[in-house]
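Text of the file work-v6.txt, holding compact mmCIF, C-alpha atoms and all ligand atoms:
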```
# COMPACT_ATOMS: atom_id res chain seq x y z
CA MET A 30 -29.38 -23.16 29.65
CA GLU A 31 -30.51 -19.60 30.18
CA ARG A 32 -30.27 -16.99 32.87
CA THR A 33 -31.62 -13.50 33.51
CA CYS A 34 -28.99 -10.73 33.65
CA ARG A 35 -28.88 -8.76 36.90
CA GLY A 36 -27.26 -5.84 35.12
CA PRO A 37 -29.01 -2.89 33.43
CA CYS A 38 -30.18 -4.90 30.39
CA GLY A 39 -32.21 -7.38 32.51
CA GLU A 40 -32.53 -9.73 29.55
CA THR A 41 -32.70 -13.49 29.66
CA LYS A 42 -29.79 -14.87 27.70
CA SER A 43 -27.91 -18.06 27.00
CA ILE A 44 -25.43 -18.99 29.74
CA GLU A 45 -22.49 -18.41 27.36
CA GLU A 46 -23.35 -14.71 27.35
CA PHE A 47 -22.25 -14.53 31.01
CA PRO A 48 -18.55 -14.29 31.79
CA LEU A 49 -16.90 -17.16 33.63
CA HIS A 50 -16.49 -16.36 37.29
CA GLN A 51 -15.29 -18.76 39.95
CA GLY A 52 -17.29 -18.76 43.15
CA CYS A 53 -20.49 -17.56 41.50
CA ILE A 54 -23.51 -19.79 40.96
CA GLY A 55 -22.86 -22.09 38.01
CA GLY A 56 -19.35 -20.63 37.67
CA ARG A 57 -20.77 -17.63 35.82
CA ALA A 58 -21.07 -13.98 36.81
CA PRO A 59 -24.62 -12.63 37.41
CA VAL A 60 -24.12 -9.72 34.98
CA CYS A 61 -23.90 -10.44 31.25
CA LYS A 62 -20.82 -9.76 29.12
CA GLU A 63 -22.48 -6.90 27.31
CA CYS A 64 -23.44 -5.10 30.53
CA LYS A 65 -20.00 -5.73 31.99
CA ASN A 66 -18.24 -4.39 28.90
CA ARG A 67 -20.49 -1.35 28.74
CA LYS A 68 -19.79 -0.57 32.37
CA GLY A 69 -16.07 -0.94 31.74
CA ARG A 70 -16.22 1.42 28.78
CA GLU A 71 -18.14 4.02 30.78
CA ARG A 72 -15.73 3.82 33.65
CA HIS A 73 -12.82 4.12 31.23
CA LYS A 74 -14.39 7.22 29.66
CA LYS A 75 -14.94 8.83 33.06
CA THR A 76 -11.55 8.11 34.60
CA TYR A 77 -9.27 8.11 31.57
CA HIS A 78 -8.62 11.86 31.62
CA LEU A 79 -8.49 12.04 35.39
CA ASN A 80 -5.69 9.52 35.68
CA LYS A 81 -3.79 10.45 32.57
CA GLU A 82 -0.90 12.20 34.31
CA LYS A 83 -0.52 9.48 36.90
CA ARG A 84 -0.70 6.77 34.27
CA ASN A 85 1.92 8.50 32.16
CA GLN A 86 4.16 8.80 35.18
CA THR A 87 3.76 5.11 35.98
CA TRP A 88 4.53 4.21 32.39
CA ARG A 89 7.60 6.47 32.32
CA GLU A 90 8.97 4.90 35.46
CA TYR A 91 8.32 1.42 34.17
CA TYR A 92 9.90 2.32 30.84
CA HIS A 93 13.11 3.57 32.44
CA ARG A 94 13.33 0.54 34.65
CA SER A 95 12.71 -1.98 31.88
CA LYS A 96 13.97 -0.27 28.73
CA ASP A 97 16.21 -3.14 27.70
CA LYS A 98 13.53 -5.72 28.27
CA ILE A 99 11.01 -3.70 26.27
CA TYR A 100 13.38 -3.26 23.33
CA ALA A 101 14.34 -6.92 23.31
CA HIS A 102 10.69 -7.93 23.36
CA ARG A 103 9.88 -5.41 20.65
CA LYS A 104 12.68 -6.73 18.46
CA ILE A 105 11.44 -10.31 18.67
CA TYR A 106 7.90 -9.19 18.04
CA ASP A 107 8.92 -7.16 14.98
CA GLN A 108 10.95 -10.05 13.64
CA GLU A 109 8.08 -12.50 14.04
CA ASN A 110 5.63 -10.15 12.35
CA LYS A 111 7.97 -8.83 9.70
CA GLU A 112 5.97 -9.90 6.68
CA ARG A 113 2.66 -8.81 8.12
CA PHE A 114 4.11 -5.39 8.94
CA ALA A 115 5.69 -5.05 5.51
CA ASP A 116 2.31 -5.68 3.91
CA ARG A 117 0.60 -3.29 6.27
CA ASP A 118 3.21 -0.56 5.79
CA LYS A 119 3.00 -0.89 2.05
CA LYS A 120 -0.76 -0.53 2.22
CA ARG A 121 -0.45 2.47 4.53
CA ARG A 122 2.08 4.18 2.31
CA LYS A 123 -0.14 3.65 -0.71
CA GLU A 124 -3.19 5.00 1.12
CA TYR A 125 -1.20 7.97 2.35
CA TYR A 126 0.01 8.66 -1.15
CA ILE A 127 -3.50 8.50 -2.60
CA ASN A 128 -4.93 10.75 0.11
CA ASN A 129 -2.16 13.34 -0.13
CA LYS A 130 -1.33 13.11 -3.81
CA SER A 131 -1.47 16.79 -4.75
CA GLU A 132 0.26 17.95 -1.57
CA LEU A 133 3.01 15.37 -2.01
CA ARG A 134 3.50 16.34 -5.61
CA ILE A 135 4.03 19.98 -4.67
CA ARG A 136 6.35 19.04 -1.83
CA ASN A 137 8.38 16.68 -4.02
CA LYS A 138 8.66 19.26 -6.74
CA LYS A 139 9.85 21.91 -4.30
CA ASN A 140 12.31 19.46 -2.82
CA TYR A 141 13.57 18.53 -6.26
CA GLU A 142 14.04 22.15 -7.29
CA ALA A 143 15.93 22.91 -4.09
CA ASN A 144 18.29 19.93 -4.51
CA LYS A 145 18.32 19.64 -8.26
CA ASP A 146 22.09 19.52 -8.68
CA LYS A 147 22.45 16.85 -6.04
CA TYR A 148 19.76 14.68 -7.62
CA LEU A 149 21.17 15.04 -11.12
CA GLU A 150 24.59 14.06 -9.83
CA GLN A 151 23.09 11.03 -8.04
CA GLN A 152 21.22 10.04 -11.17
CA LYS A 153 24.37 10.26 -13.26
CA GLU A 154 26.25 8.17 -10.75
CA TYR A 155 23.48 5.57 -10.63
CA LYS A 156 23.35 5.32 -14.41
CA LYS A 157 27.09 4.85 -14.58
CA LEU A 158 27.06 2.10 -11.95
CA ASN A 159 24.06 0.25 -13.39
CA LYS A 160 24.68 0.68 -17.08
CA ASP A 161 24.15 -2.96 -18.01
CA ILE A 162 21.03 -3.45 -15.92
CA ILE A 163 19.48 -0.28 -17.29
CA SER A 164 20.18 -1.13 -20.90
CA GLU A 165 18.77 -4.64 -20.41
CA LYS A 166 15.66 -3.22 -18.78
CA THR A 167 15.24 -0.70 -21.59
CA LYS A 168 15.54 -3.50 -24.15
CA VAL A 169 12.87 -5.54 -22.39
CA ARG A 170 10.60 -2.53 -22.11
CA ASN A 171 11.02 -1.62 -25.78
CA ARG A 172 10.33 -5.18 -26.84
CA LYS A 173 7.15 -5.21 -24.76
CA GLN A 174 6.03 -1.86 -26.15
CA ARG A 175 6.64 -3.14 -29.66
CA ILE A 176 4.54 -6.26 -29.04
CA ILE A 177 1.57 -4.51 -27.47
CA LEU A 178 1.85 -1.52 -29.84
CA SER A 179 1.79 0.99 -27.01
CA ASP A 180 1.08 4.66 -27.63
CA ASN A 181 4.70 5.44 -26.89
CA TYR A 182 5.94 2.95 -29.45
CA ILE A 183 3.59 4.29 -32.15
CA LEU A 184 4.58 7.84 -31.28
CA ASN A 185 8.25 7.03 -31.75
CA GLN A 186 7.54 5.24 -35.01
CA LEU A 187 5.66 8.22 -36.39
CA LYS A 188 8.47 10.47 -35.30
CA GLN A 189 11.31 8.40 -36.69
CA ARG A 190 9.74 7.17 -39.92
CA PHE A 191 7.81 10.25 -41.00
CA GLY A 192 9.75 12.96 -39.23
CA LEU A 193 6.67 14.18 -37.41
CA THR A 194 7.14 16.17 -34.22
CA TYR A 195 5.44 15.35 -30.91
CA LYS A 196 3.65 18.65 -31.19
CA LYS A 197 2.23 17.81 -34.61
CA ILE A 198 1.14 14.35 -33.49
CA ARG A 199 -0.54 15.76 -30.43
CA GLN A 200 -2.54 18.06 -32.68
CA HIS A 201 -3.82 14.97 -34.53
CA PRO A 202 -4.19 12.28 -31.88
CA GLU A 203 -6.13 10.03 -34.28
CA LEU A 204 -2.83 9.44 -36.10
CA ILE A 205 -1.70 7.15 -33.32
CA GLU A 206 -4.66 4.79 -33.58
CA ASN A 207 -4.49 5.00 -37.35
CA HIS A 208 -0.85 4.02 -37.51
CA ARG A 209 -1.47 1.26 -34.96
CA GLN A 210 -3.99 -0.32 -37.31
CA GLN A 211 -1.56 0.01 -40.21
CA ILE A 212 1.17 -1.80 -38.30
CA LYS A 213 -1.29 -4.49 -37.24
CA LEU A 214 -2.28 -5.05 -40.87
CA LYS A 215 1.35 -5.20 -41.98
CA ARG A 216 2.16 -7.72 -39.27
CA LEU A 217 -0.80 -9.88 -40.21
CA LEU A 218 0.20 -9.87 -43.86
CA LYS A 219 3.76 -10.78 -42.98
CA GLN A 220 2.54 -13.59 -40.75
CA LYS A 221 0.43 -14.93 -43.59
CA LYS A 222 3.32 -14.74 -45.99
CA ASP A 223 5.58 -16.58 -43.55
CA GLU A 224 2.98 -19.30 -43.05
CA ASN A 225 2.58 -19.75 -46.81
CA SER A 226 6.32 -19.98 -47.39
CA THR A 227 6.73 -22.68 -44.73
CA THR A 228 3.85 -24.81 -46.03
CA SER A 229 4.79 -24.62 -49.68
ZN ZN B 1 -27.01 -7.58 30.83
```
Target format structure tokens, applied to this file:
Amino acid sequence: MERTCRGPCGETKSIEEFPLHQGCIGGRAPVCKECKNRKGRERHKKTYHLNKEKRNQTWREYYHRSKDKIYAHRKIYDQENKERFADRDKKRRKEYYINNKSELRIRNKKNYEANKDKYLEQQKEYKKLNKDIISEKTKVRNRKQRIILSDNYILNQLKQRFGLTYKKIRQHPELIENHRQQIKLKRLLKQKKDENSTTS
């Protein structure tokens, strides 16, 4: 079923495009949803600034009257949407960080410099309290670095085994890749040897 809109668009549209309205012909309003919404938006634009003060006043009065109710409602709402909000907040924080990276870095650095002693003290305290957890985490991290032959692991190997300094290694960055291949070869040979000794 179709009907012609009596609003500004004047188009003939499907009956579903007209808002439900009791008392109108066919239970539908004569003006289509689009025209109705547009009119609403225009009216909102025109009157929004005019009524701002009055609206704020009304809201303030309502707020003072119903503060407890509003907070209680808010609490339930927050509780019910906890996970969704956590996700959203995480996303927002990440976005904020990406968009303000350089500014944040400067601010954090300044903040750190200003409170350096406090932070160092906190760090010391934290390390003391979490000694076991930290050492376990370090172990896991080192093991992982050893398996994947990370740059850091290779760097440390070069430093410890050959007494090279970070500065020297940085002057010859190809050393890292080179040593990585050496270790890979050694590991492969050892693997082969182990396989042979178990089969024989
Ligand atoms: Zn219309």
Exercise for review: Check the smallest atom-to-atom distance from each of A:Asn66, A:Gln86, A:Gln51, A:Gln151 to ligand ZN 1 (chain B) using all atoms listed in the file, then report the winner.
Suggested key: A:Asn66
**Study point:** Shell of 6 Å around ligand ZN 1 (chain B) (all atoms listed in the file), written as a count of residues only
**Key:** 9
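Those residues that approach stretch 44-46 of chain A to within 9 Å, counting only C-alpha atoms, are Met30, Glu31, Arg32, Arg57, Cys61, Lys62 and Glu63 of chain A; same-chain residues fewer than 5 positions away are not listed.
You will find atom CA of A:His50 at 14.5 Å from atom CA of A:Arg35.
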Would you compute, for all listed atoms of stretch 193-206 of chain A, the axis-aligned bounding box grown by 4 Å on each side, and then report its centre and edge lengths in Å rounded to one decimal, as JSON?
```
{"center_x": 0.5, "center_y": 11.7, "center_z": -33.9, "size_x": 21.3, "size_y": 21.9, "size_z": 15.0}
```
Check your understanding: atom CA of A:Asn181 and atom CA of A:Ile198, how far apart in Å?
Key ->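 Between atom CA of A:Ile198 and atom CA of A:Asn181 the gap works out to 11.6 Å.
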Review point. What does the distance from atom CA of A:Arg117 to atom CA of A:Ile105 come to in Å, to one decimal?
Key: 17.9 Å
Check your understanding: When distances are computed from only C-alpha atoms, which of A:Asn171, A:Lys157, A:Lys130, A:Ser226 shows the smallest separation from A:Asn185?
Key ->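 Of all the options, A:Asn171 lies closest to A:Asn185.
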Review point. Got a sec: who's within 12 Å of A:Leu193, counting all atoms listed in the file, leaving out chain neighbours fewer than 6 positions off, as a VMD selection string?
Key: chain A and resid 183 to 187 199 to 201 204 to 205
